[in-house]
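What's in protein-v3.txt: compact mmCIF, C-alpha atoms
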```txt
# COMPACT_ATOMS: atom_id res chain seq x y z
CA MET A 1 -13.23 52.81 -34.06
CA ALA A 2 -13.81 52.66 -37.80
CA PRO A 3 -16.39 50.12 -38.97
CA GLN A 4 -13.85 48.00 -40.82
CA ALA A 5 -11.92 47.54 -37.54
CA MET A 6 -14.92 46.25 -35.61
CA ARG A 7 -15.22 42.52 -35.03
CA PHE A 8 -18.49 41.02 -36.21
CA SER A 9 -19.18 39.81 -32.67
CA ASP A 10 -19.08 43.44 -31.47
CA ARG A 11 -22.07 44.15 -33.70
CA VAL A 12 -24.26 41.29 -32.49
CA LEU A 13 -27.19 42.82 -30.59
CA PHE A 14 -29.06 39.63 -29.71
CA GLU A 15 -28.34 35.95 -30.19
CA ASP A 16 -29.96 32.67 -29.19
CA ASN A 17 -30.75 29.34 -30.84
CA HIS A 18 -33.49 30.93 -32.96
CA LEU A 19 -32.46 34.49 -33.85
CA LEU A 20 -29.40 36.57 -34.65
CA VAL A 21 -29.80 40.36 -34.60
CA VAL A 22 -26.96 42.50 -35.96
CA ASN A 23 -26.09 46.20 -36.14
CA LYS A 24 -25.52 46.82 -39.84
CA MET A 25 -22.97 49.45 -40.82
CA PRO A 26 -23.66 51.92 -43.65
CA SER A 27 -22.45 50.70 -47.07
CA GLU A 28 -23.09 47.03 -46.20
CA ILE A 29 -25.63 45.09 -48.22
CA VAL A 30 -27.90 42.66 -46.37
CA GLN A 31 -28.18 40.18 -49.26
CA GLY A 32 -26.05 39.66 -52.35
CA ASP A 33 -26.59 41.82 -55.42
CA LYS A 34 -24.98 42.57 -58.77
CA THR A 35 -22.05 44.40 -57.10
CA GLY A 36 -20.63 41.09 -55.92
CA ASP A 37 -19.80 42.62 -52.51
CA VAL A 38 -19.89 40.26 -49.55
CA PRO A 39 -23.34 40.63 -47.96
CA LEU A 40 -24.08 40.85 -44.26
CA VAL A 41 -25.94 37.52 -44.30
CA ASP A 42 -22.77 35.75 -45.48
CA GLU A 43 -20.71 37.40 -42.73
CA ALA A 44 -23.34 36.27 -40.23
CA ARG A 45 -23.27 32.69 -41.53
CA SER A 46 -19.48 32.66 -41.22
CA TYR A 47 -19.70 33.99 -37.67
CA ILE A 48 -22.16 31.27 -36.64
CA GLY A 49 -20.18 28.54 -38.38
CA LYS A 50 -16.95 29.48 -36.62
CA LYS A 51 -18.48 30.16 -33.19
CA TYR A 52 -20.43 26.91 -33.02
CA ASN A 53 -18.07 24.81 -35.14
CA LYS A 54 -20.78 24.03 -37.69
CA PRO A 55 -19.42 22.35 -40.83
CA GLY A 56 -21.04 22.91 -44.22
CA ASP A 57 -23.80 25.35 -45.02
CA VAL A 58 -25.28 27.28 -42.11
CA PHE A 59 -29.00 28.04 -42.29
CA LEU A 60 -29.75 31.73 -41.82
CA GLY A 61 -32.94 33.35 -43.05
CA VAL A 62 -33.25 37.08 -43.77
CA VAL A 63 -36.30 38.41 -41.93
CA HIS A 64 -36.07 41.94 -43.35
CA ARG A 65 -33.64 44.27 -45.08
CA ILE A 66 -32.59 47.90 -44.79
CA ASP A 67 -31.09 49.99 -47.59
CA ARG A 68 -27.36 49.87 -48.26
CA PRO A 69 -26.59 53.44 -47.05
CA VAL A 70 -28.67 52.95 -43.87
CA SER A 71 -27.31 51.62 -40.58
CA GLY A 72 -28.97 49.76 -37.73
CA VAL A 73 -30.92 46.69 -36.69
CA VAL A 74 -31.22 43.69 -39.02
CA ILE A 75 -32.91 40.44 -37.92
CA PHE A 76 -31.89 36.98 -39.11
CA ALA A 77 -33.56 33.67 -38.24
CA ARG A 78 -31.39 30.69 -37.35
CA THR A 79 -34.08 28.04 -37.96
CA SER A 80 -36.79 27.56 -40.56
CA LYS A 81 -39.41 27.55 -37.78
CA ALA A 82 -38.21 30.91 -36.47
CA LEU A 83 -38.10 32.32 -40.00
CA ALA A 84 -41.69 31.29 -40.74
CA ARG A 85 -42.93 32.79 -37.48
CA MET A 86 -40.95 36.02 -37.92
CA ASN A 87 -42.32 36.35 -41.46
CA ALA A 88 -45.82 36.01 -40.01
CA LEU A 89 -45.10 38.73 -37.43
CA LEU A 90 -43.80 40.97 -40.21
CA ARG A 91 -46.83 40.29 -42.39
CA ASP A 92 -49.20 41.00 -39.50
CA LYS A 93 -47.36 44.25 -38.63
CA ARG A 94 -46.37 42.92 -35.22
CA ILE A 95 -42.73 43.96 -35.50
CA ARG A 96 -42.42 47.56 -34.39
CA LYS A 97 -39.60 49.40 -36.17
CA SER A 98 -38.23 52.73 -34.98
CA TYR A 99 -35.72 54.84 -36.90
CA LEU A 100 -33.73 58.01 -36.32
CA ALA A 101 -33.17 60.43 -39.19
CA VAL A 102 -31.01 63.55 -39.38
CA VAL A 103 -32.70 65.99 -41.73
CA LYS A 104 -31.90 69.34 -43.31
CA ASN A 105 -35.03 71.27 -42.40
CA LYS A 106 -37.26 71.48 -39.37
CA PRO A 107 -40.64 69.85 -40.03
CA PRO A 108 -43.67 72.17 -39.91
CA GLN A 109 -44.92 70.40 -36.77
CA THR A 110 -42.88 68.90 -33.95
CA SER A 111 -44.76 65.62 -34.35
CA GLY A 112 -47.20 64.23 -36.85
CA LYS A 113 -48.23 61.49 -39.24
CA LEU A 114 -47.32 61.36 -42.91
CA VAL A 115 -49.65 59.55 -45.29
CA ASP A 116 -48.67 59.31 -48.96
CA TYR A 117 -49.11 57.05 -51.95
CA LEU A 118 -45.93 55.71 -53.53
CA VAL A 119 -44.90 54.04 -56.74
CA LYS A 120 -41.54 52.41 -57.33
CA ASN A 121 -39.54 52.96 -60.52
CA GLU A 122 -37.64 49.69 -60.91
CA ASN A 123 -35.18 51.07 -63.47
CA GLN A 124 -34.18 53.95 -61.21
CA ASN A 125 -34.49 52.01 -57.94
CA LYS A 126 -36.41 54.99 -56.64
CA SER A 127 -39.90 55.66 -55.27
CA TYR A 128 -42.13 58.66 -55.93
CA VAL A 129 -45.05 60.26 -54.14
CA VAL A 130 -48.09 60.18 -56.46
CA GLU A 131 -51.83 60.67 -56.40
CA GLU A 132 -53.88 57.89 -54.80
CA SER A 133 -55.54 57.22 -58.15
CA ARG A 134 -52.25 56.43 -59.89
CA PRO A 135 -52.12 52.77 -61.02
CA GLY A 136 -49.86 50.77 -58.75
CA ALA A 137 -49.83 53.39 -55.98
CA ARG A 138 -49.41 51.93 -52.49
CA LYS A 139 -50.34 53.68 -49.27
CA ALA A 140 -47.41 54.62 -47.02
CA GLU A 141 -47.77 55.76 -43.41
CA LEU A 142 -45.31 56.81 -40.74
CA VAL A 143 -45.31 58.89 -37.58
CA TYR A 144 -42.47 61.19 -36.56
CA GLN A 145 -41.39 63.34 -33.65
CA LEU A 146 -38.72 66.01 -33.39
CA ALA A 147 -36.14 64.58 -30.98
CA GLY A 148 -33.15 66.93 -31.16
CA ARG A 149 -31.26 69.55 -33.10
CA SER A 150 -27.76 70.83 -33.82
CA ASP A 151 -26.62 74.09 -35.35
CA ARG A 152 -27.56 72.88 -38.84
CA TYR A 153 -29.65 69.73 -38.54
CA TYR A 154 -32.70 68.22 -36.89
CA LEU A 155 -33.14 64.75 -35.45
CA LEU A 156 -36.43 62.96 -36.06
CA GLU A 157 -37.70 59.79 -34.42
CA VAL A 158 -39.69 57.84 -37.00
CA GLU A 159 -41.92 54.82 -36.59
CA LEU A 160 -42.93 52.93 -39.70
CA LEU A 161 -46.56 51.88 -39.93
CA THR A 162 -46.13 50.35 -43.39
CA GLY A 163 -43.10 48.94 -45.16
CA ARG A 164 -42.68 50.47 -48.60
CA HIS A 165 -39.59 50.80 -50.78
CA HIS A 166 -37.43 53.72 -49.53
CA GLN A 167 -40.47 54.86 -47.56
CA ILE A 168 -38.86 57.05 -44.90
CA ARG A 169 -36.50 58.61 -47.42
CA VAL A 170 -39.15 59.60 -49.94
CA GLN A 171 -41.81 60.64 -47.43
CA LEU A 172 -39.50 62.91 -45.43
CA ALA A 173 -38.14 64.43 -48.64
CA SER A 174 -41.67 65.06 -49.89
CA ALA A 175 -42.41 66.81 -46.58
CA GLY A 176 -39.45 69.15 -47.15
CA CYS A 177 -37.04 67.33 -44.83
CA PRO A 178 -34.51 65.41 -46.95
CA ILE A 179 -32.18 63.13 -44.99
CA LYS A 180 -28.57 64.28 -44.71
CA GLY A 181 -26.49 62.71 -47.48
CA ASP A 182 -29.46 61.31 -49.41
CA VAL A 183 -28.86 62.89 -52.83
CA LYS A 184 -31.26 60.42 -54.44
CA TYR A 185 -34.09 62.15 -52.59
CA GLY A 186 -33.05 65.77 -52.76
CA TYR A 187 -30.22 66.41 -50.32
CA ASP A 188 -27.69 68.72 -51.93
CA ARG A 189 -24.49 66.73 -51.33
CA PRO A 190 -23.49 63.18 -50.40
CA ASN A 191 -21.80 62.08 -47.20
CA ARG A 192 -18.11 61.24 -47.67
CA ASP A 193 -18.67 57.55 -47.00
CA ALA A 194 -21.80 57.36 -49.22
CA SER A 195 -23.96 56.73 -46.14
CA ILE A 196 -27.13 58.60 -45.33
CA HIS A 197 -28.08 59.71 -41.83
CA LEU A 198 -30.87 57.20 -41.34
CA HIS A 199 -30.47 54.64 -38.56
CA ALA A 200 -32.74 51.68 -37.80
CA ARG A 201 -32.64 52.34 -34.07
CA SER A 202 -34.77 49.55 -32.60
CA VAL A 203 -37.17 46.68 -33.18
CA ALA A 204 -39.76 45.34 -30.77
CA PHE A 205 -41.61 42.03 -31.14
CA GLU A 206 -42.59 38.82 -29.39
CA HIS A 207 -39.91 36.14 -29.58
CA PRO A 208 -41.10 33.59 -32.17
CA VAL A 209 -40.43 30.58 -29.93
CA ARG A 210 -40.04 31.72 -26.33
CA ARG A 211 -42.94 34.20 -26.60
CA GLN A 212 -41.35 36.87 -24.40
CA ASP A 213 -41.40 40.50 -25.49
CA LEU A 214 -38.13 41.79 -26.92
CA LYS A 215 -36.89 45.28 -27.68
CA ILE A 216 -33.49 45.43 -29.34
CA THR A 217 -31.65 48.72 -29.82
CA ALA A 218 -28.70 49.42 -32.09
CA PRO A 219 -25.97 51.89 -31.04
CA PHE A 220 -25.10 54.69 -33.43
CA THR A 221 -22.28 54.33 -35.94
CA PRO A 222 -19.28 54.87 -33.62
CA HIS A 223 -17.07 56.96 -35.91
CA ASP A 224 -19.74 59.45 -37.02
CA ARG A 225 -19.48 62.77 -35.16
CA LEU A 226 -23.02 63.90 -35.92
CA TRP A 227 -24.56 60.68 -34.65
CA GLN A 228 -22.43 60.92 -31.55
CA HIS A 229 -23.59 64.51 -31.01
CA PHE A 230 -27.21 63.38 -31.04
CA SER A 231 -26.36 60.38 -28.87
CA ARG A 232 -25.01 62.68 -26.16
CA GLN A 233 -28.04 64.94 -26.55
CA LYS A 234 -30.46 62.03 -26.08
CA ASP A 235 -28.55 60.75 -23.05
CA ARG A 236 -29.00 63.99 -21.10
```

Structure rendered as C-alpha cells:
Amino acid sequence: MAPQAMRFSDRVLFEDNHLLVVNKMPSEIVQGDKTGDVPLVDEARSYIGKKYNKPGDVFLGVVHRIDRPVSGVVIFARTSKALARMNALLRDKRIRKSYLAVVKNKPPQTSGKLVDYLVKNENQNKSYVVEESRPGARKAELVYQLAGRSDRYYLLEVELLTGRHHQIRVQLASAGCPIKGDVKYGYDRPNRDASIHLHARSVAFEHPVRRQDLKITAPFTPHDRLWQHFSRQKDR
C-alpha cells in the first residue's frame, strides 16, 4: 500500500489521553515550514478532533522531530502536563531512541561507538564534523551494530546518545558509510521518492503520567522493497 493510500489511523502506534505516537512517512514534515506543505502535527490534530468530536483548536505538542526524508516514530503530547514532562525526559536523556539505517559500505567494525564534534551551517541546513576546538562545536555520540546485509547494502542498528542536527547522517557519512539516498551527505544518487533509508525504529521511556515503561516500535515503510527485505531478514 502506498503511503498516500494509508489512513492516518493506520499509522497511530500508541494513543491515550496524554500521548499520541505516529509512524511518520518519508517526505512528511513534522511541523510547518516555508514549503507550506501540511505538516504531520496538523494531520494529527485533525485526526484527534474528528475522532473525539472536539470543536475548535486541538492542543497537541511536538515532543521531538525527525528529518523530512526520514521515516518512523514521532511523539506528540495531548496535554500541556504531558508535554512538560516529556520535554523533561528528553532533556534528561531518558527517552531511548533507536534507528535503522541502510548504508553503502560495511563499517570497519561490526559494532562500535562514534564520537565526533559537529557544527551546523544554518544557510546550508547541513552539519559538518570538525575539530573539538572549533568554536561552536558540539559533541555527538552514537553506538551502532551491524544487523543485516543484502547484495549491495548493509543494515545498521543505531542508538543515539546525543541529539544533534542530522547527527546519524553526518556521523555515518564521516565514518565512510553514507545512508542510501542521502546525497546531502555523500551518497551518489537520490532515492526516487526523495527519501533516505533512515528509519526511527523505536522509542522507550516512562509514561509521563502513568509511570509505566513503554517501548513503541514503528513498522517499516510498507511499499519499500529494501526495507521489506531487511524486515524479513530480521524476522528469521

Contacts of region 80-87 of chain A at 9 Å (all atoms listed in the file; same-chain gap of 4+ positions) as a PyMOL selection string: chain A and resi 18-19+59-64+76+91-92+95+207-209

Proximity to Phe230 (chain A) - best of A:Lys34, A:Arg149, A:Lys139, A:Arg164, all atoms listed in the file: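 Among the listed residues, the smallest separation from Phe230 (chain A) belongs to A:Arg149.
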
Exercise: Val73 (chain A) partners within 10 Å, all atoms listed in the file, chain neighbours under 3 positions left out, as a list in words: Arg11, Val12, Leu13, Val21, Val22, Asn23, Lys24, Met25, His64, Arg65, Ile66, Val70, Lys97, Ser98, Tyr99, His199, Ala200, Arg201, Ser202, Val203, Ile216, Thr217, Ala218 and Pro219 of chain A

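With only C-alpha atoms as the atoms that count, the minimum distance from Leu161 (chain A) to the choices A:Leu142, A:Ala147, A:Ala204, A:Cys177 is reached by A:Leu142.
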
Pick from A:Val130, A:Val103, A:Leu160, A:Val143, whichever lies nearest to Tyr187 (chain A) using all atoms listed in the file: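 Using all atoms listed in the file, Tyr187 (chain A) sits closest to A:Val103.
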
Selected residue of minimal separation from Asp116 (chain A) among A:Phe8, A:Phe220, A:Tyr154, A:Tyr128, counting all atoms listed in the file: A:Tyr128

Where's the centre, and what are the edge lengths in Å to one decimal, of a box along x, y and z enclosing all listed atoms of region 22-33 of chain A padded 6 Å per side, as JSON?
```
{"center_x": -25.3, "center_y": 45.8, "center_z": -45.7, "size_x": 17.7, "size_y": 24.3, "size_z": 31.5}
```

One-decimal distance in Å that lies between CA of Ala173 (chain A) and CA of Tyr185 (chain A):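 These two atoms are separated by 6.1 Å.
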
Separation of CA of Glu122 (chain A) from CA of Lys104 (chain A) in Å: 27.0 Å

For Glu157 (chain A), the nearest of the candidates A:Lys126, A:Glu131, A:Lys113, A:Gly136, counting only C-alpha atoms: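 Using only C-alpha atoms, Glu157 (chain A) sits closest to A:Lys113.
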
Atomic distance CA of Ser71 (chain A) - CA of Glu28 (chain A), expressed in Å with one decimal: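 These two atoms are separated by 8.4 Å.
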
Val30 (chain A) environment, 7 Å, all atoms listed in the file, sequence neighbours closer than 6 positions dropped, as a list in words: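 Everything that qualifies: Pro39, Leu40, Val41 and Arg65 of chain A.
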
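With all atoms listed in the file as the atoms that count, the residue of A:Lys215, A:Leu100, A:Thr110, A:Arg189 with the shortest distance to Ile168 (chain A) is A:Leu100.
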
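Taking all atoms listed in the file into account, the protein, DNA and RNA residues within 12 Å of (-16.3, 60.6, -46.7) read Pro26, Ser27, Gly181, Arg189, Pro190, Asn191, Arg192, Asp193, Ala194, Ser195, Ile196, His223 and Asp224 of chain A.
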